[in-house]
file entry-v4.csv (CSV, C-alpha atoms)
chain,number,residue,atom,x,y,z
G,1,MET,CA,144.6,92.4,110.9
G,2,LYS,CA,141.8,92.3,108.4
G,3,ALA,CA,138.5,90.5,108.8
G,4,THR,CA,135.9,89.7,106.2
G,5,VAL,CA,132.4,88.9,107.3
G,6,LEU,CA,130.1,87.1,104.9
G,7,VAL,CA,126.4,87.6,105.8
G,8,ARG,CA,123.9,85.3,104.2
G,9,PRO,CA,120.1,84.9,104.4
G,10,LYS,CA,119.5,81.7,106.5
G,11,PRO,CA,118.3,78.7,104.6
G,12,GLY,CA,114.5,78.7,104.2
G,13,ILE,CA,114.3,82.4,104.5
G,14,LEU,CA,112.6,84.0,101.5
G,15,ASP,CA,115.2,85.9,99.5
G,16,PRO,CA,113.4,87.9,96.9
G,17,GLN,CA,116.7,89.6,95.8
G,18,GLY,CA,118.2,86.1,95.2
G,19,GLU,CA,115.1,85.1,93.2
G,20,ALA,CA,115.3,88.2,91.1
G,21,VAL,CA,119.0,87.6,90.4
G,22,GLU,CA,118.3,83.9,89.6
G,23,SER,CA,115.6,84.8,87.0
G,24,SER,CA,117.7,87.5,85.4
G,25,LEU,CA,120.6,85.1,85.0
G,26,ARG,CA,118.3,82.5,83.4
G,27,GLN,CA,117.0,85.2,81.0
G,28,LEU,CA,120.6,85.9,80.0
G,29,GLY,CA,120.9,82.2,79.1
G,30,PHE,CA,122.9,81.0,82.1
G,31,SER,CA,121.8,77.7,83.6
G,32,VAL,CA,121.7,78.3,87.3
G,33,GLY,CA,119.9,76.7,90.2
G,34,GLU,CA,119.0,78.7,93.3
G,35,ALA,CA,120.7,82.1,93.8
G,36,ARG,CA,120.9,83.7,97.2
G,37,VAL,CA,122.2,87.2,97.8
G,38,GLY,CA,124.0,88.2,101.0
G,39,ARG,CA,126.4,90.9,102.1
G,40,VAL,CA,130.2,91.3,102.6
G,41,VAL,CA,131.7,93.5,105.3
G,42,ASP,CA,135.5,94.1,105.2
G,43,LEU,CA,137.0,95.3,108.5
G,44,GLU,CA,140.3,96.5,109.6
G,45,LEU,CA,141.0,95.5,113.1
G,46,ASP,CA,143.4,96.3,115.8
G,47,ALA,CA,143.5,93.0,117.6
G,48,ALA,CA,146.3,91.2,119.6
G,49,ASP,CA,145.8,87.8,117.9
G,50,GLU,CA,143.4,85.8,115.8
G,51,THR,CA,141.4,84.5,118.8
G,52,ALA,CA,140.8,88.0,120.1
G,53,ALA,CA,139.9,89.3,116.6
G,54,ARG,CA,137.5,86.5,116.0
G,55,ALA,CA,135.8,87.0,119.4
G,56,GLU,CA,135.4,90.7,118.7
G,57,VAL,CA,134.0,90.3,115.2
G,58,GLU,CA,131.5,87.7,116.5
G,59,ARG,CA,130.3,90.4,119.0
G,60,MET,CA,130.0,92.8,116.1
G,61,CYS,CA,127.9,90.3,114.2
G,62,GLU,CA,125.6,89.6,117.1
G,63,GLN,CA,125.1,93.3,117.9
G,64,LEU,CA,125.0,95.0,114.6
G,65,LEU,CA,126.3,93.4,111.4
G,66,THR,CA,123.6,90.6,111.3
G,67,ASN,CA,120.1,90.0,112.4
G,68,PRO,CA,120.4,86.5,113.9
G,69,LEU,CA,116.7,85.8,113.2
G,70,ILE,CA,117.2,85.8,109.5
G,71,GLU,CA,120.9,85.9,108.7
G,72,SER,CA,124.0,83.7,109.3
G,73,TYR,CA,127.5,84.8,109.2
G,74,GLU,CA,131.0,83.5,108.5
G,75,ILE,CA,134.2,85.2,109.5
G,76,GLU,CA,137.5,85.1,107.6
G,77,LEU,CA,140.6,86.6,109.1
G,78,ALA,CA,143.8,87.5,107.2
R,1,MET,CA,86.2,119.8,124.1
R,2,ASN,CA,88.1,120.5,127.3
R,3,GLU,CA,89.8,117.2,127.8
R,4,PRO,CA,93.4,117.4,128.8
R,5,ARG,CA,95.9,117.3,125.9
R,6,PRO,CA,98.4,114.6,126.6
R,7,ARG,CA,102.0,115.2,125.6
R,8,ILE,CA,103.2,112.7,123.0
R,9,ALA,CA,106.8,112.7,121.7
R,10,VAL,CA,107.6,112.1,118.1
R,11,VAL,CA,111.3,111.2,117.6
R,12,THR,CA,113.0,112.5,114.5
R,13,PHE,CA,116.0,110.5,113.2
R,14,PRO,CA,118.2,111.6,110.3
R,15,GLY,CA,116.1,110.4,107.4
R,16,SER,CA,112.7,110.4,109.1
R,17,ASN,CA,110.1,111.9,106.9
R,18,ASP,CA,106.8,111.3,108.5
R,19,ASP,CA,107.6,113.0,111.8
R,20,ARG,CA,105.7,116.2,110.9
R,21,ASP,CA,102.7,114.4,109.7
R,22,ALA,CA,102.7,112.4,112.9
R,23,LEU,CA,102.9,115.6,115.0
R,24,LEU,CA,100.1,117.2,112.9
R,25,ALA,CA,97.8,114.2,113.2
R,26,LEU,CA,98.4,114.0,117.0
R,27,GLU,CA,97.6,117.7,117.4
R,28,ARG,CA,94.4,117.2,115.4
R,29,LEU,CA,93.4,114.3,117.6
R,30,GLY,CA,93.8,116.2,120.8
R,31,ALA,CA,97.4,115.7,121.9
R,32,ASP,CA,100.3,118.0,122.2
R,33,GLY,CA,103.0,116.7,119.8
R,34,ILE,CA,106.5,117.2,121.1
R,35,ALA,CA,109.3,116.9,118.6
R,36,VAL,CA,112.3,115.1,119.9
R,37,TRP,CA,115.7,114.9,118.1
R,38,HIS,CA,117.3,111.5,118.0
R,39,GLY,CA,120.4,112.8,119.7
R,40,GLU,CA,118.5,113.6,122.9
R,41,GLU,CA,119.6,111.3,125.7
R,42,ARG,CA,116.5,112.0,127.7
R,43,LEU,CA,112.8,112.2,126.7
R,44,PRO,CA,110.8,115.2,127.8
R,45,GLU,CA,107.9,114.6,130.1
R,46,VAL,CA,105.5,112.7,127.8
R,47,ALA,CA,102.8,110.2,128.2
R,48,ALA,CA,103.7,108.3,124.9
R,49,VAL,CA,106.3,108.1,122.2
R,50,VAL,CA,105.8,107.8,118.4
R,51,LEU,CA,108.6,106.6,116.2
R,52,PRO,CA,107.7,107.9,112.8
R,53,GLY,CA,108.2,106.5,109.3
R,54,GLY,CA,111.0,107.3,106.9
R,55,PHE,CA,114.4,106.0,106.1
R,56,SER,CA,116.5,106.6,109.2
R,57,TYR,CA,120.2,106.6,108.5
R,58,GLY,CA,119.4,105.8,104.9
R,59,ASP,CA,118.2,102.3,105.8
R,60,TYR,CA,121.9,101.4,105.7
R,61,LEU,CA,122.8,97.8,106.6
R,62,ARG,CA,119.2,96.8,107.5
R,63,CYS,CA,116.2,99.1,108.0
R,64,GLY,CA,116.3,100.4,111.6
R,65,ALA,CA,119.6,98.7,112.4
R,66,ILE,CA,121.5,101.9,113.0
R,67,ALA,CA,118.7,104.0,114.5
R,68,ARG,CA,118.2,101.6,117.3
R,69,PHE,CA,121.6,102.7,118.7
R,70,SER,CA,120.8,106.4,118.7
R,71,PRO,CA,120.7,108.1,122.2
R,72,ALA,CA,117.0,108.8,122.0
R,73,MET,CA,116.3,105.1,121.5
R,74,ARG,CA,118.0,104.2,124.7
R,75,ALA,CA,115.6,106.5,126.5
R,76,VAL,CA,112.7,105.1,124.5
R,77,SER,CA,113.7,101.5,125.5
R,78,GLU,CA,113.8,102.5,129.2
R,79,PHE,CA,110.5,104.4,128.8
R,80,ALA,CA,108.9,101.2,127.2
R,81,ALA,CA,110.4,99.0,129.9
R,82,GLU,CA,108.7,101.0,132.5
R,83,GLY,CA,105.3,100.5,130.8
R,84,GLY,CA,105.4,103.7,128.6
R,85,LEU,CA,103.3,103.7,125.4
R,86,VAL,CA,105.4,103.4,122.3
R,87,LEU,CA,104.0,103.3,118.7
R,88,GLY,CA,106.3,102.6,115.8
R,89,ILE,CA,105.0,103.4,112.4
R,90,CYS,CA,106.7,101.8,109.3
R,91,ASN,CA,110.4,102.7,109.8
R,92,GLY,CA,109.5,103.1,113.5
R,93,PHE,CA,108.2,99.5,113.5
R,94,GLN,CA,111.5,98.4,111.8
R,95,ILE,CA,113.5,100.1,114.5
R,96,LEU,CA,111.5,98.5,117.3
R,97,CYS,CA,112.1,95.1,115.8
R,98,GLU,CA,115.8,95.7,115.4
R,99,GLY,CA,116.0,97.0,118.9
R,100,GLY,CA,114.3,93.9,120.3
R,101,LEU,CA,111.3,95.8,121.6
R,102,LEU,CA,109.0,93.9,119.3
R,103,PRO,CA,109.4,90.3,118.0
R,104,GLY,CA,110.2,89.4,114.4
R,105,THR,CA,111.8,91.5,111.8
R,106,LEU,CA,110.9,93.4,108.6
R,107,ARG,CA,112.3,92.1,105.3
R,108,PRO,CA,112.2,93.3,101.7
R,109,ASN,CA,108.7,93.0,100.1
R,110,ALA,CA,108.2,89.7,98.4
R,111,SER,CA,107.7,91.6,95.1
R,112,LEU,CA,110.9,93.6,95.7
R,113,SER,CA,108.7,96.6,94.7
R,114,PHE,CA,108.2,99.7,96.8
R,115,ILE,CA,104.4,99.7,97.4
R,116,CYS,CA,102.5,103.0,98.0
R,117,ARG,CA,98.8,102.6,98.1
R,118,ASP,CA,95.8,102.2,100.4
R,119,VAL,CA,95.3,98.8,101.9
R,120,GLU,CA,92.4,97.3,103.8
R,121,LEU,CA,93.2,96.1,107.3
R,122,ARG,CA,91.2,93.9,109.7
R,123,VAL,CA,91.3,94.7,113.4
R,124,GLU,CA,92.2,91.5,115.3
R,125,ARG,CA,92.5,92.9,118.8
R,126,VAL,CA,90.9,95.8,120.5
R,127,ASP,CA,92.4,95.0,123.9
R,128,THR,CA,95.4,97.3,123.3
R,129,PRO,CA,96.0,101.0,123.9
R,130,PHE,CA,96.4,101.5,120.2
R,131,THR,CA,93.1,99.9,119.1
R,132,ALA,CA,90.8,100.4,122.0
R,133,LEU,CA,88.5,102.8,119.9
R,134,CYS,CA,88.2,100.2,117.2
R,135,SER,CA,85.6,97.5,117.0
R,136,GLN,CA,86.5,93.8,116.8
R,137,GLY,CA,86.9,92.8,113.1
R,138,GLN,CA,86.6,96.4,111.9
R,139,ARG,CA,87.9,97.1,108.4
R,140,LEU,CA,90.3,100.1,108.1
R,141,THR,CA,91.6,101.6,105.0
R,142,ILE,CA,95.0,103.1,105.6
R,143,PRO,CA,97.9,103.6,103.2
R,144,ILE,CA,101.2,101.7,103.2
R,145,LYS,CA,104.4,103.0,101.6
R,146,HIS,CA,107.3,100.8,102.0
R,147,GLY,CA,109.9,98.6,100.3
R,148,GLU,CA,110.6,96.5,103.3
R,149,GLY,CA,107.4,95.7,105.1
R,150,CYS,CA,107.4,91.9,104.9
R,151,TRP,CA,107.2,91.0,108.6
R,152,PHE,CA,108.9,87.7,109.3
R,153,ALA,CA,109.0,85.4,112.3
R,154,GLY,CA,109.4,81.7,112.6
R,155,GLU,CA,106.4,79.4,112.8
R,156,GLU,CA,106.8,78.8,116.6
R,157,LEU,CA,107.0,82.5,117.4
R,158,VAL,CA,104.0,83.3,115.2
R,159,GLY,CA,102.1,80.6,117.1
R,160,GLU,CA,103.0,82.1,120.5
R,161,LEU,CA,102.1,85.6,119.3
R,162,GLU,CA,98.8,84.3,118.0
R,163,SER,CA,98.0,82.6,121.3
R,164,ARG,CA,98.9,85.6,123.4
R,165,GLY,CA,96.8,87.9,121.2
R,166,GLN,CA,99.7,90.0,120.0
R,167,ILE,CA,98.7,90.1,116.3
R,168,VAL,CA,96.7,93.3,116.3
R,169,LEU,CA,96.1,94.2,112.6
R,170,ARG,CA,96.1,91.9,109.5
R,171,TYR,CA,96.0,92.8,105.8
R,172,GLU,CA,92.8,91.7,104.1
R,173,GLU,CA,95.0,91.1,101.0
R,174,ASN,CA,98.6,90.6,101.8
R,175,PRO,CA,100.6,93.3,99.8
R,176,ASN,CA,104.1,92.4,100.9
R,177,GLY,CA,104.4,88.7,101.8
R,178,SER,CA,104.4,89.2,105.5
R,179,VAL,CA,104.0,86.0,107.6
R,180,ALA,CA,100.4,85.4,108.7
R,181,ASP,CA,99.3,88.6,106.9
R,182,VAL,CA,100.6,90.6,109.9
R,183,ALA,CA,100.3,94.4,109.6
R,184,ALA,CA,100.7,95.2,113.3
R,185,ILE,CA,101.9,93.5,116.5
R,186,VAL,CA,102.2,94.4,120.1
R,187,ASN,CA,104.7,93.3,122.7
R,188,GLU,CA,103.7,90.9,125.5
R,189,HIS,CA,102.9,93.8,127.9
R,190,ARG,CA,100.8,95.5,125.2
R,191,ASN,CA,102.4,98.9,125.7
R,192,VAL,CA,104.5,98.8,122.5
R,193,MET,CA,103.0,98.4,119.0
R,194,GLY,CA,104.5,98.5,115.6
R,195,LEU,CA,102.6,98.7,112.3
R,196,MET,CA,103.6,99.1,108.6
R,197,PRO,CA,100.5,101.1,107.5
R,198,HIS,CA,100.6,104.9,108.1
R,199,PRO,CA,97.6,106.0,110.3
R,200,GLU,CA,99.1,109.6,110.4
R,201,HIS,CA,98.4,109.8,106.6
R,202,ALA,CA,94.7,108.9,107.1
R,203,VAL,CA,93.2,111.3,109.5
R,204,ASP,CA,91.3,113.5,107.0
R,205,PRO,CA,88.6,112.3,104.6
R,206,LEU,CA,89.8,115.0,102.2
R,207,ILE,CA,92.8,112.8,101.4
R,208,GLY,CA,90.9,109.6,101.1
R,209,SER,CA,90.4,108.1,104.5
R,210,ASP,CA,90.3,109.1,108.1
R,211,ASP,CA,90.5,105.5,109.4
R,212,GLY,CA,93.9,106.2,110.8
R,213,ALA,CA,92.3,108.4,113.4
R,214,VAL,CA,90.9,105.5,115.4
R,215,ILE,CA,94.5,104.1,115.8
R,216,LEU,CA,96.1,107.4,116.8
R,217,GLY,CA,92.9,108.5,118.6
R,218,SER,CA,93.2,105.3,120.7
R,219,LEU,CA,96.8,106.2,121.5
R,220,VAL,CA,95.8,109.8,122.5
R,221,ALA,CA,93.0,108.5,124.7
R,222,ALA,CA,95.3,106.0,126.4
R,223,ALA,CA,98.0,108.7,126.9
R,224,ARG,CA,95.4,110.9,128.4
R,225,GLY,CA,94.6,108.3,131.0
R,226,GLN,CA,98.2,107.7,131.9
R,227,ALA,CA,100.4,109.6,134.2
R,228,PRO,CA,103.3,111.3,132.4
R,229,ALA,CA,106.6,109.4,132.9
R,230,PHE,CA,110.1,110.7,133.1
R,231,VAL,CA,113.0,108.8,131.8
call {"tool": "encode", "arguments": {"input": "entry-v4.csv", "output": "C-alpha cells"}}
result
Amino acid sequence: MKATVLVRPKPGILDPQGEAVESSLRQLGFSVGEARVGRVVDLELDAADETAARAEVERMCEQLLTNPLIESYEIELA
Amino acid sequence: MNEPRPRIAVVTFPGSNDDRDALLALERLGADGIAVWHGEERLPEVAAVVLPGGFSYGDYLRCGAIARFSPAMRAVSEFAAEGGLVLGICNGFQILCEGGLLPGTLRPNASLSFICRDVELRVERVDTPFTALCSQGQRLTIPIKHGEGCWFAGEELVGELESRGQIVLRYEENPNGSVADVAAIVNEHRNVMGLMPHPEHAVDPLIGSDDGAVILGSLVAAARGQAPAFV
C-alpha cells in the first residue's frame, strides 16, 4: 500500500517561503493570491488494510513527519 | 584559581560544527569539556550538558527533528528530567524544541536569509543557572549565524512563558522575526535553556566580544555547585 502525506504550514503561521514564491510568480507576470509552501512525503507501507495504514501514518505524522505546533497534515492512501 | 573544574558534556551529532568551539570555551571558563558522540546511550558522569550548534543530520525534514531521536538525546532527556543542566545553542535549541524539552519551535528566518553577524541582546532574567552572572537588563553583544532562528509560539503560550519568567534573552533589534523578540528561553524548572546566539563564539575580545563568557561562565559556576549526575 502507498501513502502520501501532505504537510502544510497551519493557517496564520508566517510562511516566508510561500511569500517568496508568491512574489516571484507575480514578477513573472502570473496573477496569484497567497502562495503557501508545504512538503510531500511518499511512503510505501506494509499494512493489513486501510484503517491500519491510516492509523500508522497518523502516528508517523505526530512523532516525526510534522511539527503539530505549526503544521497540519493530510493523508492519502492508494 | 583552584576552584574545582566541573565536567560538562558537549554532544556531537553528525553535522554539528560548533562542538569544538563549545569545548574550548568551556575549558577556558574553568570546566572540563567532555566530548560525547550522539550514538552514546549513556552520558558520562557530568554536571551539565551542552548541545552545540551546527546542522545535525543535514537539517533534514525540520531542524533538530532527526537529532532528537539519537541515543544520546534519550540520555539527555532523562538527565534533564532529573534536574540536570542542559544548554542548547542554535541547532541545540532547535533540537530541544523538537524534543519537547523547551516550548515553541524554530522556523525559517522571516527574511529567508542566513544571518551571520553580531547582535545585541537584553538580559531579561538573571534567576536562571545560565544567566546568574549577568545583571538585570544587561546588554550583551553575541553573534548569531542561522537560517532558521525565528522562534515561534502561539500568543497564549508566549503569555504563559512571560508570566513565568521563562523568556531569558531578547533581541534589541529582532533579526529573524522571532515572536516577542525571543532569543533565549528556559523550561519551567529553569534547568534547560535554549538560545540562538552563540556564546561560545564570544569568549575572547580578540574576536570582537567576550560577552558570551557570562552565559557559559554562569553555566560553569552552576555546574560547579551541582553534584554530578549519572544517567
call {"tool": "closest_residue", "arguments": {"input": "entry-v4.csv", "among": "R:Asn109, R:Gln166, R:Ser209, R:Thr12", "to": "chain G", "atoms": "only C-alpha atoms"}}
result
R:Asn109
call {"tool": "closest_atom_pairs", "arguments": {"input": "entry-v4.csv", "of": "chain R", "to": "chain G", "cutoff": "10 Å", "atoms": "only C-alpha atoms", "output": "Markdown table"}}
result
| residue | atom | partner | partner_atom | distance |
| --- | --- | --- | --- | --- |
| R:Leu61 | CA | G:Leu65 | CA | 7.4 |
| R:Arg62 | CA | G:Asn67 | CA | 8.4 |
| R:Ala65 | CA | G:Leu64 | CA | 6.9 |
| R:Ile66 | CA | G:Leu64 | CA | 7.9 |
| R:Arg68 | CA | G:Leu64 | CA | 9.9 |
| R:Phe69 | CA | G:Leu64 | CA | 9.4 |
| R:Glu98 | CA | G:Asn67 | CA | 7.7 |
| R:Gly99 | CA | G:Gln63 | CA | 9.9 |
| R:Pro103 | CA | G:Leu69 | CA | 9.8 |
| R:Gly104 | CA | G:Leu69 | CA | 7.5 |
| R:Thr105 | CA | G:Leu69 | CA | 7.6 |
| R:Leu106 | CA | G:Ile70 | CA | 9.9 |
| R:Arg107 | CA | G:Leu14 | CA | 9.0 |
| R:Pro108 | CA | G:Pro16 | CA | 7.3 |
| R:Asn109 | CA | G:Pro16 | CA | 7.6 |
| R:Ala110 | CA | G:Pro16 | CA | 5.7 |
| R:Ser111 | CA | G:Pro16 | CA | 7.0 |
| R:Leu112 | CA | G:Pro16 | CA | 6.3 |
| R:Phe152 | CA | G:Ile70 | CA | 8.5 |
| R:Ala153 | CA | G:Leu69 | CA | 7.8 |
| R:Gly154 | CA | G:Leu69 | CA | 8.4 |
| R:Gly177 | CA | G:Leu14 | CA | 9.5 |
call {"tool": "atom_distance", "arguments": {"input": "entry-v4.csv", "atom1": "CA of Ala72 in chain R", "atom2": "CA of Ala132 in chain R"}}
result
27.5 Å
call {"tool": "residues_around", "arguments": {"input": "entry-v4.csv", "residues": "Glu58 in chain G", "least_positions_apart": "3", "cutoff": "12 Å", "atoms": "all atoms listed in the file", "output": "count of residues only"}}
result
23
call {"tool": "closest_residue", "arguments": {"input": "entry-v4.csv", "among": "R:Met73, R:Ala22, R:Ser135, R:Arg7", "to": "Glu200 in chain R", "atoms": "all atoms listed in the file"}}
result
R:Ala22
call {"tool": "residues_around", "arguments": {"input": "entry-v4.csv", "residues": "range 120-122 of chain R", "least_positions_apart": "5", "cutoff": "6 Å", "atoms": "only C-alpha atoms", "output": "list in words"}}
result
Gly137, Gln138, Arg139, Leu140, Thr141, Leu169, Arg170, Tyr171 and Glu172 of chain R
call {"tool": "atom_distance", "arguments": {"input": "entry-v4.csv", "atom1": "CA of His201 in chain R", "atom2": "CA of Asn176 in chain R"}}
result
19.2 Å
call {"tool": "residues_around", "arguments": {"input": "entry-v4.csv", "residues": "Val50 in chain R", "least_positions_apart": "4", "cutoff": "10 Å", "atoms": "only C-alpha atoms", "output": "mmCIF file with C-alpha atoms, keeping the file's coordinate frame"}}
result
data_model
loop_
_atom_site.group_PDB
_atom_site.id
_atom_site.type_symbol
_atom_site.label_atom_id
_atom_site.label_comp_id
_atom_site.auth_asym_id
_atom_site.auth_seq_id
_atom_site.Cartn_x
_atom_site.Cartn_y
_atom_site.Cartn_z
ATOM 1 C CA ILE R 8 103.200 112.700 123.000
ATOM 2 C CA ALA R 9 106.800 112.700 121.700
ATOM 3 C CA VAL R 10 107.600 112.100 118.100
ATOM 4 C CA VAL R 11 111.300 111.200 117.600
ATOM 5 C CA THR R 12 113.000 112.500 114.500
ATOM 6 C CA ASP R 19 107.600 113.000 111.800
ATOM 7 C CA ALA R 22 102.700 112.400 112.900
ATOM 8 C CA LEU R 23 102.900 115.600 115.000
ATOM 9 C CA LEU R 26 98.400 114.000 117.000
ATOM 10 C CA GLY R 33 103.000 116.700 119.800
ATOM 11 C CA ILE R 34 106.500 117.200 121.100
ATOM 12 C CA ALA R 35 109.300 116.900 118.600
ATOM 13 C CA VAL R 36 112.300 115.100 119.900
ATOM 14 C CA VAL R 76 112.700 105.100 124.500
ATOM 15 C CA LEU R 85 103.300 103.700 125.400
ATOM 16 C CA VAL R 86 105.400 103.400 122.300
ATOM 17 C CA LEU R 87 104.000 103.300 118.700
ATOM 18 C CA GLY R 88 106.300 102.600 115.800
ATOM 19 C CA ILE R 89 105.000 103.400 112.400
ATOM 20 C CA GLY R 92 109.500 103.100 113.500
ATOM 21 C CA PHE R 93 108.200 99.500 113.500
ATOM 22 C CA VAL R 192 104.500 98.800 122.500
ATOM 23 C CA MET R 193 103.000 98.400 119.000
ATOM 24 C CA GLY R 194 104.500 98.500 115.600
ATOM 25 C CA LEU R 216 96.100 107.400 116.800
ATOM 26 C CA LEU R 219 96.800 106.200 121.500
#
call {"tool": "closest_residue", "arguments": {"input": "entry-v4.csv", "among": "R:Leu96, R:Ile215, R:Val203, R:Val126", "to": "Arg28 in chain R", "atoms": "only C-alpha atoms"}}
result
R:Val203
call {"tool": "atom_distance", "arguments": {"input": "entry-v4.csv", "atom1": "CA of Leu29 in chain R", "atom2": "CA of Thr128 in chain R"}}
result
18.0 Å
call {"tool": "residues_near_point", "arguments": {"input": "entry-v4.csv", "point": "(120.4, 117.0, 128.9)", "cutoff": "12 Å", "atoms": "all atoms listed in the file", "output": "list in words"}}
result
Trp37, Gly39, Glu40, Glu41, Arg42, Leu43, Pro44, Pro71, Ala72, Ala75 and Val231 of chain R
call {"tool": "residues_around", "arguments": {"input": "entry-v4.csv", "residues": "Glu71 in chain G", "least_positions_apart": "6", "cutoff": "9 Å", "atoms": "all atoms listed in the file", "output": "PyMOL selection string"}}
result
chain G and resi 7-11+13+38
call {"tool": "residues_near_point", "arguments": {"input": "entry-v4.csv", "point": "(107.9, 109.3, 112.7)", "cutoff": "6 Å", "atoms": "only C-alpha atoms", "output": "number ranges by chain"}}
result
R: 18-19, 51-53
call {"tool": "decode", "arguments": {"input": "entry-v4.csv", "residues": "range 177-192 of chain R", "atoms": "N, CA and C atoms", "output": "PDB file, in the first residue's frame"}}
result
ATOM      1  N   GLY R 177      12.642  37.696  13.020  1.00  0.00           N
ATOM      2  CA  GLY R 177      11.185  37.618  13.083  1.00  0.00           C
ATOM      3  C   GLY R 177      10.655  36.823  14.256  1.00  0.00           C
ATOM      4  N   SER R 178      11.519  36.466  15.201  1.00  0.00           N
ATOM      5  CA  SER R 178      11.070  35.629  16.310  1.00  0.00           C
ATOM      6  C   SER R 178       9.976  36.341  17.112  1.00  0.00           C
ATOM      7  N   VAL R 179       9.011  35.556  17.575  1.00  0.00           N
ATOM      8  CA  VAL R 179       7.872  36.094  18.309  1.00  0.00           C
ATOM      9  C   VAL R 179       8.378  36.735  19.610  1.00  0.00           C
ATOM     10  N   ALA R 180       7.886  37.910  19.911  1.00  0.00           N
ATOM     11  CA  ALA R 180       8.213  38.633  21.147  1.00  0.00           C
ATOM     12  C   ALA R 180       9.723  38.875  21.284  1.00  0.00           C
ATOM     13  N   ASP R 181      10.431  38.935  20.167  1.00  0.00           N
ATOM     14  CA  ASP R 181      11.887  39.196  20.144  1.00  0.00           C
ATOM     15  C   ASP R 181      12.687  38.169  20.936  1.00  0.00           C
ATOM     16  N   VAL R 182      12.146  36.958  21.071  1.00  0.00           N
ATOM     17  CA  VAL R 182      12.793  35.946  21.913  1.00  0.00           C
ATOM     18  C   VAL R 182      14.101  35.453  21.301  1.00  0.00           C
ATOM     19  N   ALA R 183      15.167  35.515  22.110  1.00  0.00           N
ATOM     20  CA  ALA R 183      16.459  34.950  21.705  1.00  0.00           C
ATOM     21  C   ALA R 183      16.805  33.727  22.549  1.00  0.00           C
ATOM     22  N   ALA R 184      16.241  33.652  23.773  1.00  0.00           N
ATOM     23  CA  ALA R 184      16.527  32.511  24.658  1.00  0.00           C
ATOM     24  C   ALA R 184      15.358  32.280  25.611  1.00  0.00           C
ATOM     25  N   ILE R 185      15.049  31.012  25.826  1.00  0.00           N
ATOM     26  CA  ILE R 185      14.022  30.659  26.801  1.00  0.00           C
ATOM     27  C   ILE R 185      14.511  29.505  27.683  1.00  0.00           C
ATOM     28  N   VAL R 186      13.918  29.435  28.874  1.00  0.00           N
ATOM     29  CA  VAL R 186      14.182  28.288  29.751  1.00  0.00           C
ATOM     30  C   VAL R 186      12.894  27.488  29.921  1.00  0.00           C
ATOM     31  N   ASN R 187      13.062  26.251  30.376  1.00  0.00           N
ATOM     32  CA  ASN R 187      11.875  25.449  30.692  1.00  0.00           C
ATOM     33  C   ASN R 187      11.328  25.886  32.044  1.00  0.00           C
ATOM     34  N   GLU R 188      10.216  25.305  32.418  1.00  0.00           N
ATOM     35  CA  GLU R 188       9.548  25.745  33.637  1.00  0.00           C
ATOM     36  C   GLU R 188      10.423  25.536  34.875  1.00  0.00           C
ATOM     37  N   HIS R 189      11.197  24.441  34.872  1.00  0.00           N
ATOM     38  CA  HIS R 189      12.055  24.164  36.031  1.00  0.00           C
ATOM     39  C   HIS R 189      13.382  24.907  35.988  1.00  0.00           C
ATOM     40  N   ARG R 190      13.606  25.639  34.924  1.00  0.00           N
ATOM     41  CA  ARG R 190      14.775  26.520  34.772  1.00  0.00           C
ATOM     42  C   ARG R 190      16.112  25.771  34.723  1.00  0.00           C
ATOM     43  N   ASN R 191      16.082  24.507  34.363  1.00  0.00           N
ATOM     44  CA  ASN R 191      17.345  23.772  34.233  1.00  0.00           C
ATOM     45  C   ASN R 191      17.701  23.490  32.775  1.00  0.00           C
ATOM     46  N   VAL R 192      16.830  23.881  31.855  1.00  0.00           N
ATOM     47  CA  VAL R 192      17.107  23.695  30.423  1.00  0.00           C
ATOM     48  C   VAL R 192      16.925  25.040  29.727  1.00  0.00           C
TER      49      VAL R 192
END
